[in-house]
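Everything below belongs to target13.pdb, which stores PDB, N, CA and C atoms, pLDDT in the B column.
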ATOM      1  N   MET Z   1      99.889 162.766  33.570  1.00 56.00           N
ATOM      2  CA  MET Z   1      99.933 163.338  34.900  1.00 56.00           C
ATOM      3  C   MET Z   1     101.373 163.434  35.409  1.00 56.00           C
ATOM      4  N   GLY Z   2     102.174 162.431  35.155  1.00 61.00           N
ATOM      5  CA  GLY Z   2     103.544 162.427  35.644  1.00 61.00           C
ATOM      6  C   GLY Z   2     104.386 163.549  35.069  1.00 61.00           C
ATOM      7  N   LYS Z   3     104.188 163.849  33.801  1.00 66.00           N
ATOM      8  CA  LYS Z   3     104.979 164.896  33.163  1.00 66.00           C
ATOM      9  C   LYS Z   3     104.625 166.272  33.722  1.00 66.00           C
ATOM     10  N   LEU Z   4     103.346 166.516  33.931  1.00 69.00           N
ATOM     11  CA  LEU Z   4     102.904 167.786  34.489  1.00 69.00           C
ATOM     12  C   LEU Z   4     103.408 167.938  35.921  1.00 69.00           C
ATOM     13  N   ARG Z   5     103.361 166.864  36.686  1.00 74.00           N
ATOM     14  CA  ARG Z   5     103.824 166.922  38.076  1.00 74.00           C
ATOM     15  C   ARG Z   5     105.309 167.280  38.134  1.00 74.00           C
ATOM     16  N   TYR Z   6     106.096 166.734  37.221  1.00 80.00           N
ATOM     17  CA  TYR Z   6     107.532 167.021  37.193  1.00 80.00           C
ATOM     18  C   TYR Z   6     107.781 168.507  36.954  1.00 80.00           C
ATOM     19  N   VAL Z   7     107.035 169.102  36.061  1.00 77.00           N
ATOM     20  CA  VAL Z   7     107.210 170.525  35.749  1.00 77.00           C
ATOM     21  C   VAL Z   7     106.878 171.374  36.972  1.00 77.00           C
ATOM     22  N   VAL Z   8     105.810 171.035  37.663  1.00 78.00           N
ATOM     23  CA  VAL Z   8     105.413 171.797  38.846  1.00 78.00           C
ATOM     24  C   VAL Z   8     106.449 171.641  39.955  1.00 78.00           C
ATOM     25  N   GLU Z   9     106.926 170.431  40.192  1.00 83.00           N
ATOM     26  CA  GLU Z   9     107.936 170.202  41.224  1.00 83.00           C
ATOM     27  C   GLU Z   9     109.237 170.913  40.882  1.00 83.00           C
ATOM     28  N   GLN Z  10     109.596 170.921  39.616  1.00 82.00           N
ATOM     29  CA  GLN Z  10     110.809 171.612  39.191  1.00 82.00           C
ATOM     30  C   GLN Z  10     110.672 173.121  39.403  1.00 82.00           C
ATOM     31  N   THR Z  11     109.501 173.657  39.127  1.00 80.00           N
ATOM     32  CA  THR Z  11     109.261 175.084  39.330  1.00 80.00           C
ATOM     33  C   THR Z  11     109.370 175.450  40.801  1.00 80.00           C
ATOM     34  N   PHE Z  12     108.773 174.638  41.674  1.00 80.00           N
ATOM     35  CA  PHE Z  12     108.873 174.895  43.111  1.00 80.00           C
ATOM     36  C   PHE Z  12     110.323 174.808  43.577  1.00 80.00           C
ATOM     37  N   ALA Z  13     111.085 173.882  43.054  1.00 82.00           N
ATOM     38  CA  ALA Z  13     112.492 173.754  43.432  1.00 82.00           C
ATOM     39  C   ALA Z  13     113.280 174.985  42.993  1.00 82.00           C
ATOM     40  N   LEU Z  14     112.990 175.499  41.818  1.00 82.00           N
ATOM     41  CA  LEU Z  14     113.681 176.703  41.346  1.00 82.00           C
ATOM     42  C   LEU Z  14     113.327 177.913  42.202  1.00 82.00           C
ATOM     43  N   LEU Z  15     112.054 178.042  42.561  1.00 80.00           N
ATOM     44  CA  LEU Z  15     111.640 179.165  43.395  1.00 80.00           C
ATOM     45  C   LEU Z  15     112.195 179.046  44.809  1.00 80.00           C
ATOM     46  N   HIS Z  16     112.425 177.830  45.265  1.00 80.00           N
ATOM     47  CA  HIS Z  16     112.931 177.631  46.620  1.00 80.00           C
ATOM     48  C   HIS Z  16     114.379 178.118  46.758  1.00 80.00           C
ATOM     49  N   GLN Z  17     115.085 178.275  45.641  1.00 81.00           N
ATOM     50  CA  GLN Z  17     116.445 178.791  45.685  1.00 81.00           C
ATOM     51  C   GLN Z  17     116.486 180.232  46.181  1.00 81.00           C
ATOM     52  N   PHE Z  18     115.387 180.944  46.021  1.00 77.00           N
ATOM     53  CA  PHE Z  18     115.305 182.320  46.487  1.00 77.00           C
ATOM     54  C   PHE Z  18     114.827 182.284  47.933  1.00 77.00           C
ATOM     55  N   LYS Z  19     115.750 182.462  48.847  1.00 71.00           N
ATOM     56  CA  LYS Z  19     115.490 182.244  50.274  1.00 71.00           C
ATOM     57  C   LYS Z  19     114.392 183.152  50.820  1.00 71.00           C
ATOM     58  N   ARG Z  20     114.303 184.362  50.322  1.00 67.00           N
ATOM     59  CA  ARG Z  20     113.284 185.279  50.837  1.00 67.00           C
ATOM     60  C   ARG Z  20     111.876 184.764  50.556  1.00 67.00           C
ATOM     61  N   LEU Z  21     111.710 183.994  49.485  1.00 67.00           N
ATOM     62  CA  LEU Z  21     110.389 183.460  49.160  1.00 67.00           C
ATOM     63  C   LEU Z  21     110.045 182.248  50.011  1.00 67.00           C
ATOM     64  N   ALA Z  22     111.053 181.575  50.532  1.00 61.00           N
ATOM     65  CA  ALA Z  22     110.794 180.373  51.325  1.00 61.00           C
ATOM     66  C   ALA Z  22     110.085 180.708  52.629  1.00 61.00           C
ATOM     67  N   VAL Z  23     110.482 181.809  53.245  1.00 65.00           N
ATOM     68  CA  VAL Z  23     109.846 182.245  54.489  1.00 65.00           C
ATOM     69  C   VAL Z  23     109.158 183.566  54.198  1.00 65.00           C
ATOM     70  N   ARG Z  24     107.860 183.533  54.188  1.00 64.00           N
ATOM     71  CA  ARG Z  24     107.117 184.743  53.862  1.00 64.00           C
ATOM     72  C   ARG Z  24     106.828 185.508  55.140  1.00 64.00           C
ATOM     73  N   TRP Z  25     107.655 186.509  55.404  1.00 66.00           N
ATOM     74  CA  TRP Z  25     107.457 187.309  56.598  1.00 66.00           C
ATOM     75  C   TRP Z  25     106.986 188.714  56.273  1.00 66.00           C
ATOM     76  N   ALA Z  26     106.899 189.021  54.986  1.00 64.00           N
ATOM     77  CA  ALA Z  26     106.420 190.347  54.589  1.00 64.00           C
ATOM     78  C   ALA Z  26     104.928 190.467  54.908  1.00 64.00           C
ATOM     79  N   ARG Z  27     104.559 191.566  55.477  1.00 77.00           N
ATOM     80  CA  ARG Z  27     103.153 191.753  55.844  1.00 77.00           C
ATOM     81  C   ARG Z  27     102.302 192.111  54.639  1.00 77.00           C
ATOM     82  N   ARG Z  28     102.905 192.787  53.704  1.00 81.00           N
ATOM     83  CA  ARG Z  28     102.145 193.223  52.524  1.00 81.00           C
ATOM     84  C   ARG Z  28     102.265 192.188  51.415  1.00 81.00           C
ATOM     85  N   THR Z  29     101.147 191.760  50.894  1.00 81.00           N
ATOM     86  CA  THR Z  29     101.156 190.744  49.840  1.00 81.00           C
ATOM     87  C   THR Z  29     101.753 191.283  48.546  1.00 81.00           C
ATOM     88  N   GLU Z  30     101.694 192.612  48.337  1.00 83.00           N
ATOM     89  CA  GLU Z  30     102.260 193.191  47.111  1.00 83.00           C
ATOM     90  C   GLU Z  30     103.767 192.959  47.055  1.00 83.00           C
ATOM     91  N   LEU Z  31     104.431 193.045  48.210  1.00 81.00           N
ATOM     92  CA  LEU Z  31     105.874 192.808  48.239  1.00 81.00           C
ATOM     93  C   LEU Z  31     106.197 191.357  47.911  1.00 81.00           C
ATOM     94  N   HIS Z  32     105.439 190.445  48.478  1.00 79.00           N
ATOM     95  CA  HIS Z  32     105.669 189.027  48.200  1.00 79.00           C
ATOM     96  C   HIS Z  32     105.425 188.729  46.725  1.00 79.00           C
ATOM     97  N   ASP Z  33     104.343 189.276  46.182  1.00 84.00           N
ATOM     98  CA  ASP Z  33     104.044 189.084  44.757  1.00 84.00           C
ATOM     99  C   ASP Z  33     105.148 189.662  43.878  1.00 84.00           C
ATOM    100  N   ALA Z  34     105.693 190.793  44.283  1.00 85.00           N
ATOM    101  CA  ALA Z  34     106.774 191.408  43.509  1.00 85.00           C
ATOM    102  C   ALA Z  34     108.024 190.529  43.520  1.00 85.00           C
ATOM    103  N   PHE Z  35     108.343 189.956  44.671  1.00 84.00           N
ATOM    104  CA  PHE Z  35     109.515 189.082  44.745  1.00 84.00           C
ATOM    105  C   PHE Z  35     109.297 187.789  43.968  1.00 84.00           C
ATOM    106  N   VAL Z  36     108.087 187.262  43.964  1.00 86.00           N
ATOM    107  CA  VAL Z  36     107.798 186.070  43.162  1.00 86.00           C
ATOM    108  C   VAL Z  36     107.948 186.392  41.679  1.00 86.00           C
ATOM    109  N   SER Z  37     107.439 187.536  41.264  1.00 89.00           N
ATOM    110  CA  SER Z  37     107.578 187.946  39.859  1.00 89.00           C
ATOM    111  C   SER Z  37     109.042 188.141  39.480  1.00 89.00           C
ATOM    112  N   LEU Z  38     109.798 188.759  40.363  1.00 89.00           N
ATOM    113  CA  LEU Z  38     111.224 188.960  40.111  1.00 89.00           C
ATOM    114  C   LEU Z  38     111.950 187.623  40.003  1.00 89.00           C
ATOM    115  N   ALA Z  39     111.643 186.700  40.903  1.00 88.00           N
ATOM    116  CA  ALA Z  39     112.270 185.377  40.866  1.00 88.00           C
ATOM    117  C   ALA Z  39     111.925 184.647  39.570  1.00 88.00           C
ATOM    118  N   CYS Z  40     110.677 184.713  39.162  1.00 89.00           N
ATOM    119  CA  CYS Z  40     110.274 184.056  37.912  1.00 89.00           C
ATOM    120  C   CYS Z  40     110.988 184.672  36.712  1.00 89.00           C
ATOM    121  N   GLY Z  41     111.128 185.987  36.728  1.00 91.00           N
ATOM    122  CA  GLY Z  41     111.851 186.659  35.649  1.00 91.00           C
ATOM    123  C   GLY Z  41     113.309 186.236  35.588  1.00 91.00           C
ATOM    124  N   LEU Z  42     113.945 186.135  36.750  1.00 89.00           N
ATOM    125  CA  LEU Z  42     115.343 185.704  36.786  1.00 89.00           C
ATOM    126  C   LEU Z  42     115.498 184.254  36.322  1.00 89.00           C
ATOM    127  N   ILE Z  43     114.570 183.404  36.716  1.00 87.00           N
ATOM    128  CA  ILE Z  43     114.612 182.002  36.281  1.00 87.00           C
ATOM    129  C   ILE Z  43     114.456 181.909  34.769  1.00 87.00           C
ATOM    130  N   CYS Z  44     113.501 182.656  34.224  1.00 90.00           N
ATOM    131  CA  CYS Z  44     113.291 182.649  32.765  1.00 90.00           C
ATOM    132  C   CYS Z  44     114.514 183.187  32.038  1.00 90.00           C
ATOM    133  N   ARG Z  45     115.105 184.248  32.565  1.00 92.00           N
ATOM    134  CA  ARG Z  45     116.300 184.821  31.941  1.00 92.00           C
ATOM    135  C   ARG Z  45     117.441 183.816  31.913  1.00 92.00           C
ATOM    136  N   ARG Z  46     117.649 183.107  33.041  1.00 89.00           N
ATOM    137  CA  ARG Z  46     118.697 182.086  33.099  1.00 89.00           C
ATOM    138  C   ARG Z  46     118.460 180.985  32.077  1.00 89.00           C
ATOM    139  N   ARG Z  47     117.210 180.545  31.979  1.00 87.00           N
ATOM    140  CA  ARG Z  47     116.897 179.471  31.032  1.00 87.00           C
ATOM    141  C   ARG Z  47     117.089 179.910  29.589  1.00 87.00           C
ATOM    142  N   LEU Z  48     116.668 181.115  29.265  1.00 91.00           N
ATOM    143  CA  LEU Z  48     116.844 181.612  27.907  1.00 91.00           C
ATOM    144  C   LEU Z  48     118.318 181.810  27.581  1.00 91.00           C
ATOM    145  N   LYS Z  49     119.075 182.285  28.551  1.00 92.00           N
ATOM    146  CA  LYS Z  49     120.508 182.482  28.338  1.00 92.00           C
ATOM    147  C   LYS Z  49     121.193 181.144  28.102  1.00 92.00           C
ATOM    148  N   LYS Z  50     120.798 180.130  28.886  1.00 87.00           N
ATOM    149  CA  LYS Z  50     121.382 178.799  28.733  1.00 87.00           C
ATOM    150  C   LYS Z  50     120.989 178.185  27.386  1.00 87.00           C
ATOM    151  N   ALA Z  51     119.747 178.387  26.961  1.00 88.00           N
ATOM    152  CA  ALA Z  51     119.288 177.813  25.693  1.00 88.00           C
ATOM    153  C   ALA Z  51     119.950 178.521  24.508  1.00 88.00           C
ATOM    154  N   HIS Z  52     120.247 179.790  24.669  1.00 83.00           N
ATOM    155  CA  HIS Z  52     120.852 180.555  23.577  1.00 83.00           C
ATOM    156  C   HIS Z  52     122.317 180.197  23.382  1.00 83.00           C
ATOM    157  N   SER Z  53     122.985 179.825  24.444  1.00 76.00           N
ATOM    158  CA  SER Z  53     124.423 179.522  24.366  1.00 76.00           C
ATOM    159  C   SER Z  53     124.707 178.169  23.760  1.00 76.00           C
TER
END

Rewritten as structure tokens:
Amino acid sequence: MGKLRYVVEQTFALLHQFKRLAVRWARRTELHDAFVSLACGLICRRRLKKAHS
């Protein structure tokens, strides 16, 4: 349980770096979903770039 919790908390911390996601003021859920997807893509890209170097 502890290991899984760490991964989830780390993911939330990474997503919190994107300020627009912290305060959801967009009325359309599609926009919020798009920004979450974009943030996840950027996080994955950073991690892969770091692992490759």

Notebook entry, point to check: Do you know which residues are at most 12 Å from stretch 38-47 of chain Z counting only C-alpha atoms, after dropping those on the same chain fewer than 6 positions away, and could you put them as a ChimeraX atom specification?
Noted result: /Z:10-22,31-32,53

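Taking atom CA of Z:Val36 as the reference point, atom CA of Z:Val7 is found at 17.2 Å.
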
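You will find atom CA of Z:Glu30 at 28.3 Å from atom N of Z:Arg5.
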
Check: To one decimal place, how far is atom N of Z:Lys49 from atom C of Z:Thr29 in Å?
Finding: 27.9 Å

With 3 Å of padding per side, what axis-aligned box (centre and edge lengths, Å, one decimal) covers all the listed atoms of stretch 27-40 of chain Z? Give it as AutoDock Vina command-line options.
--center_x 106.7 --center_y 188.6 --center_z 46.3 --size_x 17.1 --size_y 15.2 --size_z 25.1
